[in-house]
>>> print(open('upload-v4.txt').read())   # compact mmCIF, C-alpha atoms
# COMPACT_ATOMS: atom_id res chain seq x y z
CA MET A 209 -13.31 9.59 -26.67
CA GLY A 210 -15.58 12.55 -27.02
CA VAL A 211 -12.78 15.08 -26.98
CA GLY A 212 -12.27 17.99 -29.35
CA SER A 213 -13.25 17.57 -32.98
CA GLU A 214 -14.96 14.19 -32.69
CA GLU A 215 -18.67 13.88 -33.38
CA PRO A 216 -20.68 14.78 -30.25
CA PHE A 217 -22.65 12.13 -28.39
CA ASP A 218 -26.39 12.04 -29.02
CA VAL A 219 -27.03 11.99 -25.31
CA ILE A 220 -24.95 12.13 -22.17
CA ILE A 221 -26.53 10.94 -18.96
CA VAL A 222 -25.09 12.15 -15.66
CA GLY A 223 -25.58 9.58 -12.91
CA ALA A 224 -25.83 5.78 -13.09
CA GLY A 225 -28.59 5.13 -10.57
CA PRO A 226 -31.91 3.56 -11.62
CA ALA A 227 -33.01 6.75 -13.48
CA GLY A 228 -29.76 7.16 -15.42
CA LEU A 229 -29.39 3.47 -16.24
CA THR A 230 -33.00 3.22 -17.46
CA ALA A 231 -32.50 6.34 -19.60
CA GLY A 232 -29.38 4.62 -20.97
CA ILE A 233 -31.33 1.44 -21.80
CA TYR A 234 -34.01 3.40 -23.69
CA ALA A 235 -31.59 5.73 -25.52
CA ALA A 236 -29.12 3.03 -26.56
CA ARG A 237 -31.88 0.66 -27.62
CA LYS A 238 -33.11 3.36 -30.02
CA GLY A 239 -29.63 3.44 -31.53
CA LEU A 240 -28.46 6.70 -29.94
CA ARG A 241 -24.80 7.13 -29.02
CA ALA A 242 -25.26 7.29 -25.28
CA LEU A 243 -22.64 7.86 -22.58
CA ILE A 244 -23.38 7.53 -18.87
CA LEU A 245 -21.00 9.36 -16.51
CA GLU A 246 -21.03 8.24 -12.87
CA ALA A 247 -19.05 10.01 -10.14
CA LYS A 248 -18.72 6.90 -7.99
CA TYR A 249 -20.12 3.43 -8.66
CA PRO A 250 -23.16 2.24 -10.64
CA GLY A 251 -26.49 1.81 -8.87
CA GLY A 252 -26.47 4.95 -6.76
CA ARG A 253 -28.30 4.98 -3.44
CA ALA A 254 -30.46 2.06 -4.61
CA ALA A 255 -27.38 -0.20 -4.68
CA GLU A 256 -27.02 0.27 -0.93
CA ALA A 257 -30.49 -1.10 -0.14
CA ALA A 258 -30.20 -4.50 1.51
CA GLN A 259 -33.60 -5.67 0.34
CA ILE A 260 -36.11 -4.36 -2.20
CA GLU A 261 -39.61 -5.81 -2.06
CA ASN A 262 -41.63 -3.36 -4.17
CA TYR A 263 -39.92 -3.37 -7.58
CA PRO A 264 -42.36 -4.93 -10.05
CA GLY A 265 -41.25 -8.20 -11.60
CA PHE A 266 -39.32 -9.32 -8.53
CA PRO A 267 -41.77 -11.28 -6.36
CA GLU A 268 -38.93 -12.41 -4.09
CA PRO A 269 -36.93 -9.69 -2.31
CA VAL A 270 -33.90 -8.60 -4.32
CA SER A 271 -30.86 -6.70 -3.07
CA GLY A 272 -30.32 -3.22 -4.46
CA LEU A 273 -26.92 -4.28 -5.71
CA GLU A 274 -28.36 -7.20 -7.70
CA LEU A 275 -31.19 -5.14 -9.16
CA THR A 276 -29.02 -2.22 -10.24
CA ASN A 277 -26.33 -4.58 -11.60
CA LYS A 278 -28.99 -6.05 -13.88
CA MET A 279 -29.92 -2.52 -15.04
CA LEU A 280 -26.23 -1.80 -15.72
CA LYS A 281 -25.81 -5.00 -17.77
CA GLN A 282 -28.99 -4.21 -19.71
CA ALA A 283 -27.79 -0.68 -20.55
CA GLU A 284 -24.38 -1.98 -21.66
CA ARG A 285 -25.89 -4.82 -23.67
CA HIS A 286 -27.81 -2.26 -25.73
CA GLY A 287 -24.64 -0.30 -26.36
CA ALA A 288 -24.60 2.46 -23.72
CA VAL A 289 -21.09 3.33 -22.57
CA VAL A 290 -20.83 3.60 -18.78
CA ARG A 291 -17.88 5.37 -17.19
CA THR A 292 -17.66 5.06 -13.40
CA SER A 293 -15.51 7.07 -10.96
CA GLU A 294 -15.78 9.96 -13.40
CA GLU A 295 -17.27 13.02 -11.75
CA VAL A 296 -18.70 15.86 -13.81
CA VAL A 297 -17.13 19.11 -12.63
CA LYS A 298 -18.38 21.66 -15.16
CA LEU A 299 -21.28 22.09 -17.56
CA ASP A 300 -21.69 24.52 -20.40
CA LEU A 301 -25.30 24.32 -21.60
CA ARG A 302 -25.55 27.62 -23.47
CA ASN A 303 -25.23 26.18 -26.97
CA PRO A 304 -27.03 23.42 -28.88
CA VAL A 305 -23.93 21.25 -28.44
CA LYS A 306 -23.43 20.99 -24.69
CA ILE A 307 -20.02 20.63 -23.08
CA ILE A 308 -19.66 18.26 -20.15
CA GLU A 309 -16.34 18.32 -18.34
CA THR A 310 -15.04 15.72 -15.93
CA ARG A 311 -11.66 15.62 -14.21
CA GLU A 312 -10.52 13.19 -16.89
CA ALA A 313 -11.96 14.58 -20.12
CA SER A 314 -14.25 17.00 -21.91
CA TYR A 315 -17.27 15.60 -23.75
CA ARG A 316 -19.77 17.11 -26.17
CA SER A 317 -23.38 16.06 -26.52
CA ARG A 318 -26.56 17.21 -28.26
CA ALA A 319 -28.82 16.22 -25.38
CA LEU A 320 -28.24 15.87 -21.64
CA ILE A 321 -30.14 13.86 -19.06
CA ILE A 322 -29.46 14.77 -15.44
CA ALA A 323 -29.92 11.91 -12.99
CA THR A 324 -27.59 12.93 -10.20
CA GLY A 325 -29.85 11.86 -7.32
CA VAL A 326 -29.52 13.09 -3.78
CA GLN A 327 -26.91 13.13 -1.06
CA HIS A 328 -27.18 13.11 2.72
CA ARG A 329 -27.97 16.49 4.21
CA LYS A 330 -25.06 17.75 6.29
CA LEU A 331 -25.39 19.38 9.70
CA ARG A 332 -22.62 21.86 8.97
CA VAL A 333 -21.25 21.85 12.49
CA PRO A 334 -17.53 21.80 13.26
CA GLY A 335 -16.16 18.28 13.62
CA GLU A 336 -18.76 16.72 11.33
CA GLU A 337 -16.58 16.37 8.27
CA ARG A 338 -13.31 15.84 10.12
CA LEU A 339 -14.73 12.89 12.09
CA LEU A 340 -16.69 11.32 9.22
CA GLY A 341 -15.94 7.60 9.31
CA ARG A 342 -14.41 8.06 12.76
CA GLY A 343 -17.68 8.03 14.62
CA VAL A 344 -19.76 10.34 12.43
CA SER A 345 -22.03 8.38 10.08
CA TYR A 346 -24.96 9.00 7.76
CA CYS A 347 -25.91 5.31 7.57
CA ALA A 348 -27.07 3.49 10.70
CA ALA A 349 -27.73 0.32 8.71
CA CYS A 350 -24.13 0.32 7.44
CA ASP A 351 -22.17 1.35 10.50
CA GLY A 352 -24.49 0.60 13.45
CA PRO A 353 -23.03 -2.83 14.28
CA LEU A 354 -19.60 -1.24 14.85
CA PHE A 355 -21.07 0.54 17.90
CA ARG A 356 -22.31 -2.53 19.75
CA GLY A 357 -22.35 -1.82 23.50
CA ARG A 358 -21.34 1.85 23.08
CA GLU A 359 -23.28 5.08 23.60
CA VAL A 360 -24.39 6.90 20.45
CA ALA A 361 -26.45 9.89 19.37
CA VAL A 362 -29.00 10.18 16.56
CA ILE A 363 -29.54 13.65 15.15
CA GLY A 364 -32.93 14.18 13.53
CA SER A 365 -36.67 14.30 14.09
CA GLY A 366 -38.48 12.41 11.35
CA LYS A 367 -39.29 8.86 10.32
CA MET A 368 -35.78 8.16 9.07
CA ALA A 369 -34.26 9.29 12.37
CA PHE A 370 -36.78 7.19 14.26
CA GLU A 371 -35.91 4.08 12.25
CA ASP A 372 -32.20 4.68 12.83
CA ALA A 373 -32.76 5.18 16.58
CA ALA A 374 -34.95 2.06 16.80
CA TYR A 375 -32.30 -0.03 15.06
CA LEU A 376 -29.41 1.41 17.07
CA SER A 377 -31.26 0.87 20.36
CA THR A 378 -30.93 -2.87 19.73
CA LEU A 379 -27.13 -2.58 19.49
CA ALA A 380 -25.90 0.41 21.47
CA SER A 381 -25.88 0.60 25.27
CA LYS A 382 -27.72 3.92 25.02
CA VAL A 383 -29.07 6.17 22.25
CA PHE A 384 -29.43 9.94 22.71
CA ILE A 385 -31.84 11.56 20.25
CA VAL A 386 -31.24 15.21 19.42
CA PRO A 387 -34.01 16.70 17.21
CA HIS A 388 -32.80 18.99 14.47
CA GLU A 389 -34.45 21.78 12.50
CA TYR A 390 -34.16 21.95 8.72
CA PRO A 391 -33.91 25.11 6.65
CA TYR A 392 -36.92 26.19 4.51
CA GLY A 393 -39.30 25.11 7.30
CA ASP A 394 -39.50 21.54 6.00
CA THR A 395 -38.60 19.93 9.33
CA PRO A 396 -40.65 16.78 9.86
CA THR A 397 -42.80 16.70 12.98
CA LEU A 398 -41.14 14.94 15.85
CA GLU A 399 -41.95 11.22 15.78
CA PRO A 400 -44.11 10.54 18.85
CA ARG A 401 -42.82 6.96 18.89
CA PHE A 402 -39.39 8.18 20.05
CA ASN A 403 -40.72 8.06 23.60
CA ASP A 404 -41.50 4.34 23.36
CA LEU A 405 -38.01 3.21 22.43
CA PRO A 406 -36.09 1.32 25.09
CA ASN A 407 -32.54 2.40 25.83
CA THR A 408 -33.01 5.91 24.52
CA GLU A 409 -33.11 9.45 25.84
CA LEU A 410 -34.78 12.27 23.96
CA VAL A 411 -32.72 15.45 24.40
CA THR A 412 -35.46 18.02 23.88
CA GLY A 413 -35.00 21.77 23.67
CA ALA A 414 -31.36 21.37 22.68
CA LYS A 415 -29.41 22.19 19.55
CA LEU A 416 -26.32 20.37 18.35
CA LYS A 417 -23.36 22.73 18.15
CA ASP A 418 -20.31 20.52 17.68
CA VAL A 419 -19.00 16.99 17.38
CA LYS A 420 -15.86 16.65 19.49
CA GLY A 421 -12.90 14.29 19.52
CA ASP A 422 -9.27 14.33 18.39
CA ASN A 423 -9.03 11.23 16.25
CA VAL A 424 -12.41 9.64 16.95
CA VAL A 425 -15.73 10.97 18.26
CA ARG A 426 -15.71 11.48 22.03
CA SER A 427 -18.78 13.66 22.62
CA ILE A 428 -21.38 16.02 21.22
CA LEU A 429 -21.85 19.58 22.40
CA VAL A 430 -25.44 20.82 22.66
CA THR A 431 -26.86 24.14 23.76
CA ARG A 432 -30.08 24.09 25.74
CA GLN A 433 -32.76 26.75 25.69
CA GLY A 434 -31.43 29.72 27.63
CA GLY A 435 -27.99 29.31 26.09
CA GLU A 436 -26.29 26.95 28.54
CA SER A 437 -24.28 24.24 26.81
CA SER A 438 -23.53 20.72 27.87
CA GLU A 439 -21.42 17.89 26.55
CA ILE A 440 -22.79 14.36 26.10
CA PRO A 441 -20.14 11.66 25.84
CA VAL A 442 -20.82 9.34 22.85
CA SER A 443 -18.70 7.23 20.48
CA GLY A 444 -21.00 7.56 17.50
CA VAL A 445 -23.08 10.31 15.91
CA PHE A 446 -25.67 9.22 13.35
CA ILE A 447 -26.90 12.16 11.29
CA SER A 448 -30.36 11.49 9.95
CA ILE A 449 -31.73 14.82 8.73
CA GLY A 450 -32.84 13.89 5.25
CA VAL A 451 -31.32 14.33 1.83
CA ILE A 452 -30.56 17.20 -0.52
CA PRO A 453 -30.39 17.05 -4.32
CA ALA A 454 -26.94 16.81 -5.91
CA THR A 455 -27.59 19.75 -8.21
CA GLU A 456 -25.04 22.42 -7.30
CA LEU A 457 -23.39 22.41 -10.75
CA LEU A 458 -26.75 22.65 -12.48
CA GLY A 459 -27.85 25.88 -10.85
CA ARG A 460 -24.60 27.50 -11.97
CA ALA A 461 -25.20 26.22 -15.54
CA GLY A 462 -28.62 27.89 -15.71
CA VAL A 463 -30.91 24.92 -14.98
CA ALA A 464 -33.97 26.10 -13.02
CA LEU A 465 -34.18 24.60 -9.54
CA ASP A 466 -36.77 24.90 -6.76
CA LYS A 467 -35.94 26.57 -3.43
CA SER A 468 -34.58 23.28 -2.02
CA GLY A 469 -32.38 22.74 -5.06
CA PHE A 470 -34.42 20.05 -6.85
CA VAL A 471 -34.56 20.31 -10.67
CA LEU A 472 -37.82 21.71 -11.99
CA VAL A 473 -39.24 19.51 -14.76
CA ASP A 474 -42.50 19.15 -16.67
CA ARG A 475 -44.39 15.90 -17.21
CA ARG A 476 -42.00 14.98 -20.02
CA GLN A 477 -38.98 15.50 -17.75
CA ARG A 478 -37.94 18.65 -19.65
CA THR A 479 -36.04 21.37 -17.79
CA ASN A 480 -36.09 25.08 -18.66
CA LEU A 481 -33.20 24.55 -21.12
CA PRO A 482 -33.80 22.99 -24.56
CA GLY A 483 -32.21 19.55 -24.85
CA VAL A 484 -31.68 19.24 -21.10
CA PHE A 485 -33.81 16.72 -19.20
CA ALA A 486 -33.81 15.47 -15.61
CA ALA A 487 -35.00 12.27 -13.95
CA GLY A 488 -34.95 10.44 -10.64
CA ASP A 489 -34.50 11.67 -7.08
CA CYS A 490 -32.89 14.98 -8.15
CA THR A 491 -36.36 16.04 -9.35
CA ALA A 492 -38.04 15.71 -5.94
CA ASN A 493 -40.14 12.71 -6.86
CA ALA A 494 -41.38 9.99 -4.52
CA MET A 495 -37.81 8.68 -4.08
CA GLN A 496 -38.79 5.21 -5.24
CA ILE A 497 -36.71 3.05 -7.60
CA VAL A 498 -39.64 2.32 -9.89
CA VAL A 499 -40.49 6.04 -10.14
CA ALA A 500 -36.84 6.90 -10.92
CA ALA A 501 -36.77 4.21 -13.62
CA GLY A 502 -40.04 5.53 -15.09
CA GLU A 503 -38.74 9.09 -15.16
CA GLY A 504 -35.50 7.88 -16.77
CA ALA A 505 -37.49 6.21 -19.53
CA THR A 506 -39.63 9.35 -20.04
CA ALA A 507 -36.51 11.56 -20.16
CA ALA A 508 -34.94 9.30 -22.79
CA VAL A 509 -38.11 9.29 -24.91
CA SER A 510 -38.22 13.11 -24.69
CA ALA A 511 -34.53 13.32 -25.63
CA ILE A 512 -35.16 11.05 -28.63
CA SER A 513 -37.93 13.32 -29.94
CA TYR A 514 -35.83 16.42 -29.23
CA LEU A 515 -32.97 14.98 -31.34
CA GLN A 516 -35.46 14.03 -34.06
CA SER A 517 -36.76 17.64 -34.14
CA LEU A 518 -33.16 18.89 -34.54
CA ARG A 519 -32.70 16.54 -37.51
CA ASP A 520 -36.03 17.61 -39.05
CA ARG A 521 -34.97 21.24 -38.84
CA ALA A 522 -31.57 20.61 -40.40
CA MET B 57 30.77 -17.92 -12.18
CA GLU B 58 28.00 -20.04 -10.71
CA THR B 59 30.37 -22.43 -8.94
CA LEU B 60 32.52 -19.58 -7.76
CA ALA B 61 29.52 -17.79 -6.27
CA LEU B 62 28.26 -20.90 -4.52
CA SER B 63 31.62 -21.59 -3.03
CA ASP B 64 31.80 -18.11 -1.56
CA PRO B 65 30.63 -18.46 2.08
CA GLU B 66 29.41 -14.86 2.25
CA LEU B 67 27.26 -15.26 -0.84
CA GLU B 68 25.99 -18.60 0.38
CA ARG B 69 24.89 -17.00 3.69
CA ILE B 70 23.00 -14.24 1.82
CA ARG B 71 21.37 -16.79 -0.46
CA ARG B 72 20.25 -18.89 2.53
CA ASN B 73 18.82 -15.86 4.31
CA LYS B 74 16.91 -14.80 1.23
CA PHE B 75 15.50 -18.30 0.85
CA LYS B 76 14.49 -18.36 4.53
CA GLN B 77 12.72 -14.99 4.21
CA LEU B 78 10.95 -16.14 1.09
CA MET B 79 9.74 -19.36 2.74
CA GLU B 80 8.62 -17.49 5.84
CA GLY B 81 6.66 -15.07 3.68
CA ARG B 82 5.03 -18.00 1.91
CA ARG B 83 4.15 -19.68 5.21
CA TYR B 84 2.44 -16.54 6.51
CA LEU B 85 0.46 -16.21 3.33
CA SER B 86 -0.62 -19.83 3.25
CA SER B 87 -1.65 -19.69 6.92
CA ALA B 88 -4.14 -17.04 5.88
CA SER B 89 -6.57 -18.67 3.50
CA ARG B 90 -6.40 -17.06 0.09
CA GLU B 91 -9.59 -16.53 -1.79
CA GLU B 92 -9.79 -15.14 -5.33
CA GLY B 93 -6.22 -13.94 -4.98
CA LEU B 94 -7.04 -12.02 -1.80
CA THR B 95 -5.45 -12.70 1.56
CA GLN B 96 -8.01 -13.26 4.32
CA LEU B 97 -6.84 -11.63 7.54
CA GLU B 98 -7.94 -12.49 11.09
CA THR B 99 -7.00 -11.18 14.51
CA LYS B 100 -4.54 -14.03 14.98
CA ASN B 101 -2.61 -13.54 11.73
CA PHE B 102 -3.07 -9.81 11.15
CA HIS B 103 0.16 -8.45 12.62
CA GLN B 104 2.19 -11.44 11.48
CA ILE B 105 1.30 -10.70 7.87
CA VAL B 106 0.95 -6.91 7.87
CA ASP B 107 4.04 -6.15 9.98
CA SER B 108 6.37 -8.48 8.12
CA SER B 109 5.30 -7.70 4.58
CA ARG B 110 7.99 -6.25 2.34
CA VAL B 111 5.38 -4.74 0.05
CA PRO B 112 2.46 -2.46 1.04
CA VAL B 113 -0.64 -4.24 2.36
CA VAL B 114 -4.05 -2.85 1.36
CA VAL B 115 -6.69 -4.02 3.83
CA ASP B 116 -10.44 -3.94 3.08
CA PHE B 117 -12.37 -3.77 6.38
CA TRP B 118 -15.83 -5.15 5.63
CA ALA B 119 -18.83 -7.10 6.95
CA ALA B 120 -21.49 -9.28 5.36
CA TRP B 121 -24.37 -6.93 6.24
CA CYS B 122 -22.74 -3.90 4.62
CA MET B 123 -24.06 -3.22 1.11
CA PRO B 124 -21.55 -0.48 0.23
CA CYS B 125 -18.83 -3.04 1.08
CA ARG B 126 -20.27 -5.40 -1.50
CA ILE B 127 -20.29 -2.60 -4.08
CA MET B 128 -16.54 -2.22 -3.54
CA HIS B 129 -15.68 -5.95 -3.59
CA PRO B 130 -15.36 -6.39 -7.38
CA ILE B 131 -13.41 -3.11 -7.57
CA PHE B 132 -11.00 -4.31 -4.86
CA GLU B 133 -10.55 -7.62 -6.69
CA ARG B 134 -9.77 -5.85 -9.97
CA LEU B 135 -7.13 -3.70 -8.26
CA SER B 136 -5.66 -6.77 -6.53
CA LYS B 137 -5.07 -8.38 -9.93
CA LYS B 138 -3.68 -5.19 -11.47
CA TYR B 139 -1.17 -4.62 -8.67
CA ALA B 140 -0.62 -8.30 -7.71
CA ASP B 141 3.16 -8.06 -7.88
CA ARG B 142 3.47 -4.76 -6.03
CA ALA B 143 1.14 -5.05 -3.01
CA ILE B 144 -0.77 -7.57 -0.92
CA PHE B 145 -4.55 -7.07 -1.08
CA ALA B 146 -6.27 -8.43 2.00
CA ARG B 147 -9.68 -8.54 3.60
CA LEU B 148 -10.67 -8.36 7.27
CA ASN B 149 -14.19 -9.09 8.45
CA VAL B 150 -14.87 -6.56 11.25
CA ASP B 151 -17.70 -8.67 12.72
CA GLU B 152 -15.44 -11.65 13.27
CA ASN B 153 -12.36 -9.58 14.20
CA PRO B 154 -13.56 -6.59 16.24
CA GLU B 155 -10.19 -6.30 18.03
CA ILE B 156 -8.37 -5.23 14.86
CA ALA B 157 -11.22 -2.94 13.75
CA SER B 158 -11.06 -1.27 17.15
CA GLU B 159 -7.25 -1.04 17.11
CA TYR B 160 -7.41 1.06 13.93
CA SER B 161 -10.58 2.99 14.94
CA VAL B 162 -12.64 1.63 12.08
CA TYR B 163 -16.09 3.11 12.73
CA SER B 164 -17.45 3.04 9.22
CA ILE B 165 -17.22 0.41 6.54
CA PRO B 166 -16.00 -0.12 3.97
CA THR B 167 -12.71 1.33 5.19
CA PHE B 168 -9.48 0.69 3.29
CA ILE B 169 -6.19 1.11 5.13
CA ILE B 170 -2.84 0.93 3.37
CA PHE B 171 0.00 -0.36 5.56
CA VAL B 172 3.65 0.22 4.71
CA GLY B 173 6.17 -1.50 6.98
CA GLY B 174 3.31 -2.43 9.32
CA LYS B 175 2.25 1.21 9.78
CA PRO B 176 -1.02 2.65 8.47
CA VAL B 177 -0.13 5.37 5.95
CA GLU B 178 -3.43 6.03 4.23
CA GLN B 179 -7.09 5.50 5.03
CA VAL B 180 -10.00 5.65 2.61
CA VAL B 181 -13.53 5.54 4.01
CA GLY B 182 -16.66 4.62 2.07
CA ALA B 183 -17.72 3.22 -1.27
CA VAL B 184 -15.61 5.76 -3.12
CA GLY B 185 -15.47 4.02 -6.50
CA GLU B 186 -12.56 2.56 -8.43
CA LYS B 187 -10.44 5.57 -9.35
CA ALA B 188 -10.45 7.13 -5.88
CA LEU B 189 -9.26 3.87 -4.30
CA GLU B 190 -6.71 3.28 -7.04
CA ARG B 191 -5.29 6.81 -6.61
CA ALA B 192 -4.80 6.14 -2.89
CA VAL B 193 -3.13 2.76 -3.51
CA ALA B 194 -0.92 4.06 -6.32
CA LYS B 195 0.60 6.70 -4.04
CA HIS B 196 2.27 4.02 -1.93
CA ILE B 197 3.45 1.38 -4.40
>>> encode(input="upload-v4.txt", output="structure tokens")
Amino acid sequence: MGVGSEEPFDVIIVGAGPAGLTAGIYAARKGLRALILEAKYPGGRAAEAAQIENYPGFPEPVSGLELTNKMLKQAERHGAVVRTSEEVVKLDLRNPVKIIETREASYRSRALIIATGVQHRKLRVPGEERLLGRGVSYCAACDGPLFRGREVAVIGSGKMAFEDAAYLSTLASKVFIVPHEYPYGDTPTLEPRFNDLPNTELVTGAKLKDVKGDNVVRSILVTRQGGESSEIPVSGVFISIGVIPATELLGRAGVALDKSGFVLVDRRQRTNLPGVFAAGDCTANAMQIVVAAGEGATAAVSAISYLQSLRDRA
Amino acid sequence: METLALSDPELERIRRNKFKQLMEGRRYLSSASREEGLTQLETKNFHQIVDSSRVPVVVDFWAAWCMPCRIMHPIFERLSKKYADRAIFARLNVDENPEIASEYSVYSIPTFIIFVGGKPVEQVVGAVGEKALERAVAKHI
């Protein structure tokens, strides 16, 4: 499908989180040939939320998985085609018919909606990637219970790091908190509440240099002010230093991004390129499901009028 | 030919052994409760089943509180049906069986470990989606 000489899609949506799925619902319902490409599984980060209490229309708490599954069904019911486990690896947006390449196929589309969301910000220290899933984690809620009675470290300074440390302090025998600076000067101020947590030790004036261990995490290496380094033995390292937009491919394809890599859009979710729209967390919004869904709808409406203007010109 | 074969003591011994192995395999599997075509593993039956299996065993390490695990459940079930005759697909709850999780250094879930001849040969960590898990499984069956 979508290869070579076949008729291009009306719209291709990259990402099947709440923004992408809502865009799919709106586009398909208007009769557009819409394809949603998802690198992993439908639902995105929202699917991982255990409980959602602020999505309108759901007075009782709903799990992220249930909510996003309903969005997926709704998009498919209106005729959107959803392909999961299909990661976009290359974009050519120079011409009116855009080329979207995945590892599996090459697709063509007249309009493109980017809804790639965000990913966890990496520390970029040695050992981080090698020991991922072997003590290094970006999700305290997911992996915390596997560290019951062990010593762990939380890396980060802000609200998210505080929540992770508070949760882990109920499970781990001890939690070390190592504040971490972000690039671009957007480091959150250190949560004062860190000092009130039981079972925890704030490692101030130190910088994380390495995560050590052969097969599993054994310790972290920090350097203190003045340059002396010390090793803290831990079994788990929870990295909680925020998120970054998943927009690397877009910058290379000529889509304008801000200095942190978020897609720049106007109120109608238009990017700098004609026929290319963006919605959801990759646009530096409030990172709320209802906002992502709203932006997805707006992007689809804008794509519909863009396609109409192409037809009027023809 | 049939009567000849049955009267051959050597062939009869082989046939009996095969039957015994088959029945033993069945007993192991029925001792682990099977749900939706998936074998449920516990600390007490883990090695019995994984070590003696003649086909690869794909184990899904999960827990009830883990949302990414639940994202992968329907994917794992689809693969278990697709490869039903070539591998055993099994689940292990890490909350109820921390000994096994610890034995294989499972520090993040979902983790999928593929065992061949009782030895772990491949490990996939995270809600990686259907194709990534299928690629890992397909390498060993």
>>> closest_residue(input="upload-v4.txt", among="A:Arg476, A:Arg521, A:Arg356, A:Arg241", to="chain B", atoms="only C-alpha atoms")
A:Arg356
>>> atom_distance(input="upload-v4.txt", atom1="atom CA of Arg358 of chain A", atom2="atom CA of Ser381 of chain A")
5.2 Å
>>> closest_atom_pairs(input="upload-v4.txt", of="chain B", to="chain A", cutoff="9 Å", atoms="only C-alpha atoms", output="Markdown table")
| residue | atom | partner | partner_atom | distance |
| --- | --- | --- | --- | --- |
| B:Trp121 | CA | A:Cys350 | CA | 7.4 |
| B:Cys122 | CA | A:Cys350 | CA | 5.3 |
| B:Met123 | CA | A:Glu256 | CA | 5.0 |
| B:Pro124 | CA | A:Glu256 | CA | 5.6 |
| B:Cys125 | CA | A:Cys350 | CA | 8.9 |
| B:Arg126 | CA | A:Leu273 | CA | 7.9 |
| B:Ile127 | CA | A:Leu273 | CA | 7.0 |
| B:Met128 | CA | A:Tyr249 | CA | 8.4 |
| B:Val150 | CA | A:Leu354 | CA | 8.0 |
| B:Asp151 | CA | A:Leu354 | CA | 8.0 |
| B:Pro154 | CA | A:Leu354 | CA | 8.2 |
| B:Ala157 | CA | A:Leu354 | CA | 8.6 |
| B:Ser158 | CA | A:Leu354 | CA | 8.8 |
| B:Ser161 | CA | A:Arg342 | CA | 6.7 |
| B:Val162 | CA | A:Arg342 | CA | 6.7 |
| B:Tyr163 | CA | A:Arg342 | CA | 5.2 |
| B:Ser164 | CA | A:Gly341 | CA | 4.8 |
| B:Ile165 | CA | A:Asp351 | CA | 6.4 |
| B:Pro166 | CA | A:Cys350 | CA | 8.9 |
| B:Thr167 | CA | A:Gly341 | CA | 8.2 |
| B:Val181 | CA | A:Gly341 | CA | 6.2 |
| B:Gly182 | CA | A:Gly341 | CA | 7.9 |
| B:Ala183 | CA | A:Lys248 | CA | 7.7 |
| B:Val184 | CA | A:Lys248 | CA | 5.9 |
| B:Gly185 | CA | A:Lys248 | CA | 4.6 |
| B:Glu186 | CA | A:Ser293 | CA | 6.0 |
| B:Lys187 | CA | A:Ser293 | CA | 5.5 |
| B:Ala188 | CA | A:Ser293 | CA | 7.2 |
>>> write_last_selection(input="upload-v4.txt", atoms="C-alpha atoms", output="CSV table (one decimal), keeping the file's coordinate frame")
chain,number,residue,atom,x,y,z
B,121,TRP,CA,-24.4,-6.9,6.2
B,122,CYS,CA,-22.7,-3.9,4.6
B,123,MET,CA,-24.1,-3.2,1.1
B,124,PRO,CA,-21.6,-0.5,0.2
B,125,CYS,CA,-18.8,-3.0,1.1
B,126,ARG,CA,-20.3,-5.4,-1.5
B,127,ILE,CA,-20.3,-2.6,-4.1
B,128,MET,CA,-16.5,-2.2,-3.5
B,150,VAL,CA,-14.9,-6.6,11.2
B,151,ASP,CA,-17.7,-8.7,12.7
B,154,PRO,CA,-13.6,-6.6,16.2
B,157,ALA,CA,-11.2,-2.9,13.8
B,158,SER,CA,-11.1,-1.3,17.2
B,161,SER,CA,-10.6,3.0,14.9
B,162,VAL,CA,-12.6,1.6,12.1
B,163,TYR,CA,-16.1,3.1,12.7
B,164,SER,CA,-17.4,3.0,9.2
B,165,ILE,CA,-17.2,0.4,6.5
B,166,PRO,CA,-16.0,-0.1,4.0
B,167,THR,CA,-12.7,1.3,5.2
B,181,VAL,CA,-13.5,5.5,4.0
B,182,GLY,CA,-16.7,4.6,2.1
B,183,ALA,CA,-17.7,3.2,-1.3
B,184,VAL,CA,-15.6,5.8,-3.1
B,185,GLY,CA,-15.5,4.0,-6.5
B,186,GLU,CA,-12.6,2.6,-8.4
B,187,LYS,CA,-10.4,5.6,-9.4
B,188,ALA,CA,-10.4,7.1,-5.9
>>> closest_residue(input="upload-v4.txt", among="B:Val180, B:Leu189, B:Ile156, B:Ile144", to="Ile105 of chain B", atoms="all atoms listed in the file")
B:Ile144
>>> atom_distance(input="upload-v4.txt", atom1="atom CA of Val484 of chain A", atom2="atom CA of Thr324 of chain A")
13.2 Å
>>> closest_residue(input="upload-v4.txt", among="A:Asn303, A:Ser317, A:Thr230, A:Thr491", to="Ala461 of chain A", atoms="all atoms listed in the file")
A:Asn303
>>> residues_around(input="upload-v4.txt", residues="Leu243 of chain A", least_positions_apart="2", cutoff="7 Å", atoms="all atoms listed in the file", output="ChimeraX atom specification")
/A:219-221,241,245,288-290
>>> atom_distance(input="upload-v4.txt", atom1="atom CA of Gly504 of chain A", atom2="atom CA of Phe132 of chain B")
29.8 Å
>>> residues_around(input="upload-v4.txt", residues="Ile449 of chain A", least_positions_apart="4", cutoff="7 Å", atoms="all atoms listed in the file", output="NGL selection string")
:A and (329 or 363-364)
>>> write_last_selection(input="upload-v4.txt", atoms="C-alpha atoms", output="PDB file, in the coordinates of the input")
ATOM      1  CA  ARG A 329     -27.970  16.490   4.210  1.00  0.00           C
ATOM      2  CA  ILE A 363     -29.540  13.650  15.150  1.00  0.00           C
ATOM      3  CA  GLY A 364     -32.930  14.180  13.530  1.00  0.00           C
TER       4      GLY A 364
END
